[in-house]
Amino acid sequence: MTATLLKEATPPPVGAAAPRRRPRRRARIIALVFAFPALLLLGALVVYPVLFSVGRSFFDASGTRFVGGDNYTEMFHDPATLNAVRNTAIWVVVAPALLTGLGLVLAVLVEKVRWATAFKLLLFMPMAVSFLAAGIIFRLAYDEDPDKGVLNAAVVSVHDAFRGTSPYPEGRAREGGTLTRDADGAYRTGASVSPGDSLALPLVGVPPKDLPADARPASPAAARKAAPDELRGVVYLDFTPGGGGEQGRVDPRESGLPGAEVEAVRDGRTVASTTTAADGSFSFTGLDAGPYTLTLPASNFAQPYGGVSWLGPALVTPAIIGAYLWIWTGFAMVLIGAGLAALPRDALEAARMDGADEWQIFRRITVPLLAPVLTVVFVTLVINVLKVFDLVYIIAPGPVQEDATVLATQMWLVSFGGGNNQGLGSALGVLLLLLVVPAMVFNVRRFRRSQR
């Protein structure tokens, strides 16, 4: 037994370790052979462009004269670049936070929906759309013309439902007629009128196709004598289809203008108002004797509400962020939903048995347990947002491109989009790399920590 113990305790000869090292060395060589193509591509597509850009950033636009840090100095004095930095900061602060919050809320709510899989599929579907296609879709959706842009069509419909529209936005008084135009866009009679008068108020500029459906031939009310306390007249389109007729005089073939508001004004104060009938006629009764002025208020001729300028300088960045949210909300929801599915159910059930309501469970148990997943999603979205280019370039129209620009688009514009200064563009690329690297390092470290 002693001999056996001595034999086991005796170390192997020095030469015996060599056969053991050979398989390990061979495995490493095989691994390097298989990894070499990937390493070659990584060097060609990532390492070399990064090193080249760093070097190029120290040269002028032609690439022949060394300028040191002048490009970096100019970068922070250029108003367009400063605007790009400001917009990038808005993107980093707003978009990842909104997406993470939306993804969390939707992931929790989807668990309580019967058709959860179909709902997830519906929300994740925009991820299958390329950024180019999504940009074109939202460029059309944000169009200011309500006949093209779906968002403005909805806004205009809601506005018109509550505020109404002017009946004759193209209407105007005929020059040299009985009406004169005020500074506010209203029309009034040039001479005073009194009860017992009948008068015609001709308008032009209204396309016959835009006449109200209930419009009838103009009433000859202006030709009839009014009662002593009555002021009557007709508002009509002074246009005879096919020609003929006499300007300023009602023709049987001319159309009345229904729905127009008419006011009787005395001493600068409106004493009576009415709306024209289907044949354009109107009448004021019970008026006191004295001079009056008849007015067609500016509301009759106001231009229709055009909606919101989504792609104007003030709203273009929030509008593009909205398009980004549409694409990436499903991504955040699916990742957070996967983390939610892995939560220990016994903790949730114990909280319910202790009397906690759903809001308390969500705030004090679900969110803290999901903190690692939420952090990974947030940091991943920050990295993605820093590199956003397609949506900004496609959605923002040319005149507001500078108002919406971010670092990625500014780098392209400076280098290839007309600036032709690849030295400054490379400096912008280096700045973008320096902003992305810390987030990437954080994500990698957190991933390794979770693996351990």
# chains A, B, ... in the order shown; residues from 1 in each chain; ligands from 1
$ residues_around --residues "Leu109 of chain A" --least-positions-apart "5" --cutoff "12 Å" --atoms "only C-alpha atoms" --output "PyMOL selection string"
chain A and resi 102-104+114-116+119-120+333+336-337+340+358+362
$ select_by_dssp --residues "segment 112-202 of chain A" --states "alpha helix (DSSP H)" --output "number ranges by chain"
A: 116-124, 131-141, 150-163
$ residues_around --residues "Ser219 of chain A" --least-positions-apart "5" --cutoff "8 Å" --atoms "only C-alpha atoms" --output "PDB file with C-alpha atoms, in the first residue's frame"
ATOM      1  CA  VAL A 234     -79.375  88.909 -51.961  1.00  0.00           C
ATOM      2  CA  VAL A 250     -79.067  89.532 -60.694  1.00  0.00           C
ATOM      3  CA  GLY A 256     -77.348  82.469 -54.908  1.00  0.00           C
ATOM      4  CA  ASP A 279     -81.210  81.343 -53.008  1.00  0.00           C
ATOM      5  CA  GLY A 280     -78.839  83.834 -51.352  1.00  0.00           C
ATOM      6  CA  SER A 281     -81.605  86.058 -49.982  1.00  0.00           C
TER       7      SER A 281
END
$ residues_around --residues "Gln401 of chain A" --least-positions-apart "3" --cutoff "10 Å" --atoms "only C-alpha atoms" --output "list in words"
Leu311, Gly312, Pro313, Val316, Val392, Tyr393, Ile394, Ile395, Ala396, Pro397, Gly398, Ala404, Thr405, Val406, Thr409 and Gln410 of chain A
$ write_last_selection --atoms "C-alpha atoms" --output "short mmCIF file (atom, residue, chain, number, x, y, z; two decimals), in the first residue's frame"
data_model
loop_
_atom_site.label_atom_id
_atom_site.label_comp_id
_atom_site.auth_asym_id
_atom_site.auth_seq_id
_atom_site.Cartn_x
_atom_site.Cartn_y
_atom_site.Cartn_z
CA LEU A 311 -42.11 68.91 -40.97
CA GLY A 312 -41.56 72.57 -40.15
CA PRO A 313 -38.47 73.73 -38.23
CA VAL A 316 -39.44 68.11 -37.56
CA VAL A 392 -33.57 61.96 -40.68
CA TYR A 393 -32.22 62.11 -44.21
CA ILE A 394 -35.41 60.83 -45.85
CA ILE A 395 -38.18 62.44 -43.78
CA ALA A 396 -36.78 65.95 -43.30
CA PRO A 397 -37.40 68.13 -46.42
CA GLY A 398 -34.49 70.02 -47.92
CA ALA A 404 -33.29 68.15 -38.14
CA THR A 405 -29.69 67.09 -38.73
CA VAL A 406 -27.91 64.77 -36.29
CA THR A 409 -26.30 63.10 -41.26
CA GLN A 410 -24.01 66.04 -40.60
#
$ atom_distance --atom1 "atom CA of Thr165 of chain A" --atom2 "atom CA of Val235 of chain A"
18.5 Å
$ closest_residue --among "A:Tyr324, A:Phe442, A:Phe447, A:Phe58" --to "Val385 of chain A" --atoms "only C-alpha atoms"
A:Tyr324
$ residues_around --residues "segment 329-332 of chain A" --least-positions-apart "3" --cutoff "10 Å" --atoms "only C-alpha atoms" --output "ChimeraX atom specification"
/A:96,98-104,106-107,119-127,324-326,335-337,374,377-378,380-381
$ residues_around --residues "Leu369 of chain A" --least-positions-apart "5" --cutoff "12 Å" --atoms "only C-alpha atoms" --output "PyMOL selection string"
chain A and resi 336+339-345+347-348+361-364+374-375
$ write_last_selection --atoms "C-alpha atoms" --output "short mmCIF file (atom, residue, chain, number, x, y, z; two decimals), in the first residue's frame"
data_model
loop_
_atom_site.label_atom_id
_atom_site.label_comp_id
_atom_site.auth_asym_id
_atom_site.auth_seq_id
_atom_site.Cartn_x
_atom_site.Cartn_y
_atom_site.Cartn_z
CA ILE A 336 -38.72 43.12 -22.14
CA GLY A 339 -37.36 39.09 -19.40
CA LEU A 340 -40.84 39.30 -17.92
CA ALA A 341 -41.51 35.67 -18.78
CA ALA A 342 -38.41 34.64 -16.81
CA LEU A 343 -39.47 36.39 -13.58
CA PRO A 344 -40.09 34.12 -10.57
CA ARG A 345 -43.86 33.77 -10.35
CA ALA A 347 -42.67 36.38 -5.78
CA LEU A 348 -45.61 37.84 -7.69
CA ILE A 361 -46.63 44.74 -7.80
CA PHE A 362 -45.60 46.51 -11.00
CA ARG A 363 -43.73 49.32 -9.23
CA ARG A 364 -42.08 47.43 -6.37
CA LEU A 374 -34.42 47.39 -18.97
CA THR A 375 -30.83 48.61 -18.74
#
$ closest_residue --among "A:Val110, A:Ala61, A:Ile321, A:Leu370" --to "Val94 of chain A" --atoms "only C-alpha atoms"
A:Ile321
$ closest_residue --among "A:Ala289, A:Ala215, A:Ala134, A:Leu42" --to "Leu391 of chain A" --atoms "only C-alpha atoms"
A:Ala134
$ closest_atom_pairs --of "segment 290-404 of chain A" --to "segment 191-194 of chain A" --cutoff "6 Å" --atoms "only C-alpha atoms" --output "Markdown table"
| residue | atom | partner | partner_atom | distance |
| --- | --- | --- | --- | --- |
| A:Gly290 | CA | A:Ser194 | CA | 5.8 |
| A:Pro291 | CA | A:Ser194 | CA | 4.9 |
| A:Tyr292 | CA | A:Val193 | CA | 5.2 |
| A:Thr293 | CA | A:Ser192 | CA | 5.3 |
$ write_last_selection --atoms "all heavy atoms" --output "compact mmCIF listing (two decimals), in the first residue's frame"
# COMPACT_ATOMS: atom_id res chain seq x y z
N GLY A 290 -82.82 105.05 -39.81
CA GLY A 290 -81.47 105.59 -39.75
C GLY A 290 -80.55 104.84 -40.70
O GLY A 290 -80.91 103.81 -41.28
N PRO A 291 -79.31 105.33 -40.84
CA PRO A 291 -78.37 104.71 -41.78
C PRO A 291 -77.70 103.47 -41.17
O PRO A 291 -77.39 103.41 -39.99
CB PRO A 291 -77.34 105.83 -42.02
CG PRO A 291 -77.36 106.63 -40.74
CD PRO A 291 -78.77 106.57 -40.23
N TYR A 292 -77.46 102.48 -42.03
CA TYR A 292 -76.78 101.25 -41.63
C TYR A 292 -75.72 100.92 -42.68
O TYR A 292 -75.77 101.41 -43.81
CB TYR A 292 -77.77 100.08 -41.53
CG TYR A 292 -78.76 100.19 -40.39
CD1 TYR A 292 -79.95 100.90 -40.54
CD2 TYR A 292 -78.50 99.57 -39.18
CE1 TYR A 292 -80.86 101.00 -39.50
CE2 TYR A 292 -79.40 99.65 -38.12
CZ TYR A 292 -80.58 100.36 -38.29
OH TYR A 292 -81.47 100.45 -37.25
N THR A 293 -74.83 100.06 -42.29
CA THR A 293 -73.85 99.48 -43.21
C THR A 293 -74.00 97.97 -43.17
O THR A 293 -74.02 97.37 -42.08
CB THR A 293 -72.41 99.86 -42.82
OG1 THR A 293 -72.28 101.28 -42.83
CG2 THR A 293 -71.41 99.25 -43.79
$ atom_distance --atom1 "atom CA of Val441 of chain A" --atom2 "atom CA of Val105 of chain A"
27.8 Å
$ atom_distance --atom1 "atom CA of Val46 of chain A" --atom2 "atom CA of Phe389 of chain A"
18.5 Å
$ closest_residue --among "A:Pro169, A:Leu237, A:Ala141, A:Arg28" --to "Ala153 of chain A" --atoms "only C-alpha atoms"
A:Ala141
$ residues_around --residues "Arg216 of chain A" --least-positions-apart "4" --cutoff "10 Å" --atoms "only C-alpha atoms" --output "compact mmCIF listing (two decimals) with all heavy atoms, in the first residue's frame"
# COMPACT_ATOMS: atom_id res chain seq x y z
N LEU A 211 -69.74 75.34 -55.18
CA LEU A 211 -70.97 75.87 -54.60
C LEU A 211 -71.62 74.81 -53.71
O LEU A 211 -71.53 73.61 -53.98
CB LEU A 211 -71.95 76.26 -55.72
CG LEU A 211 -71.59 77.52 -56.52
CD1 LEU A 211 -72.55 77.66 -57.71
CD2 LEU A 211 -71.65 78.76 -55.63
N PRO A 212 -72.26 75.23 -52.62
CA PRO A 212 -72.94 74.25 -51.76
C PRO A 212 -73.98 73.47 -52.53
O PRO A 212 -74.56 73.94 -53.52
CB PRO A 212 -73.58 75.13 -50.67
CG PRO A 212 -72.76 76.38 -50.65
CD PRO A 212 -72.33 76.59 -52.07
N TYR A 236 -75.05 86.85 -54.11
CA TYR A 236 -75.08 85.92 -55.24
C TYR A 236 -73.74 85.91 -55.95
O TYR A 236 -72.90 86.80 -55.77
CB TYR A 236 -76.21 86.30 -56.21
CG TYR A 236 -75.97 87.59 -56.96
CD1 TYR A 236 -75.55 87.57 -58.30
CD2 TYR A 236 -76.17 88.83 -56.35
CE1 TYR A 236 -75.33 88.75 -58.98
CE2 TYR A 236 -75.95 90.01 -57.03
CZ TYR A 236 -75.53 89.97 -58.35
OH TYR A 236 -75.31 91.14 -59.03
N ARG A 253 -80.00 83.11 -64.35
CA ARG A 253 -79.13 81.93 -64.43
C ARG A 253 -77.98 81.97 -63.43
O ARG A 253 -77.17 81.07 -63.39
CB ARG A 253 -78.56 81.80 -65.85
CG ARG A 253 -79.61 81.43 -66.89
CD ARG A 253 -78.95 81.24 -68.25
NE ARG A 253 -78.41 82.50 -68.75
CZ ARG A 253 -77.53 82.59 -69.74
NH1 ARG A 253 -77.09 81.48 -70.32
NH2 ARG A 253 -77.09 83.77 -70.16
N GLU A 254 -77.90 83.03 -62.64
CA GLU A 254 -76.84 83.14 -61.64
C GLU A 254 -77.28 82.51 -60.33
O GLU A 254 -78.47 82.51 -59.99
CB GLU A 254 -76.46 84.61 -61.44
CG GLU A 254 -75.79 85.20 -62.69
CD GLU A 254 -75.54 86.69 -62.57
OE1 GLU A 254 -76.21 87.35 -61.74
OE2 GLU A 254 -74.70 87.20 -63.31
N SER A 255 -76.31 81.99 -59.59
CA SER A 255 -76.62 81.22 -58.38
C SER A 255 -76.53 82.09 -57.15
O SER A 255 -75.65 82.97 -57.03
CB SER A 255 -75.64 80.05 -58.25
OG SER A 255 -75.83 79.36 -57.04
N GLY A 256 -77.46 81.85 -56.22
CA GLY A 256 -77.35 82.47 -54.91
C GLY A 256 -76.25 81.79 -54.10
O GLY A 256 -75.83 80.68 -54.41
N LEU A 257 -75.79 82.46 -53.04
CA LEU A 257 -74.73 81.92 -52.19
C LEU A 257 -75.31 81.67 -50.80
O LEU A 257 -75.39 82.60 -49.98
CB LEU A 257 -73.55 82.88 -52.14
CG LEU A 257 -72.83 83.14 -53.48
CD1 LEU A 257 -71.72 84.15 -53.30
CD2 LEU A 257 -72.29 81.83 -54.06
N PRO A 258 -75.76 80.46 -50.53
CA PRO A 258 -76.37 80.18 -49.23
C PRO A 258 -75.32 80.07 -48.13
O PRO A 258 -74.15 79.80 -48.37
CB PRO A 258 -77.06 78.83 -49.46
CG PRO A 258 -76.26 78.18 -50.53
CD PRO A 258 -75.78 79.29 -51.41
N ALA A 277 -80.26 82.47 -47.28
CA ALA A 277 -81.01 81.24 -47.60
C ALA A 277 -80.39 80.55 -48.80
O ALA A 277 -79.37 80.99 -49.35
CB ALA A 277 -82.47 81.59 -47.86
N ALA A 278 -81.04 79.45 -49.25
CA ALA A 278 -80.50 78.67 -50.37
C ALA A 278 -80.38 79.49 -51.64
O ALA A 278 -79.51 79.25 -52.47
CB ALA A 278 -81.38 77.45 -50.61
N ASP A 279 -81.28 80.50 -51.81
CA ASP A 279 -81.21 81.34 -53.01
C ASP A 279 -80.40 82.61 -52.78
O ASP A 279 -80.42 83.52 -53.61
CB ASP A 279 -82.62 81.71 -53.48
CG ASP A 279 -83.42 82.42 -52.40
OD1 ASP A 279 -82.88 82.63 -51.29
OD2 ASP A 279 -84.60 82.75 -52.66
N GLY A 280 -79.68 82.69 -51.64
CA GLY A 280 -78.84 83.83 -51.35
C GLY A 280 -79.55 85.02 -50.73
O GLY A 280 -78.92 86.03 -50.41
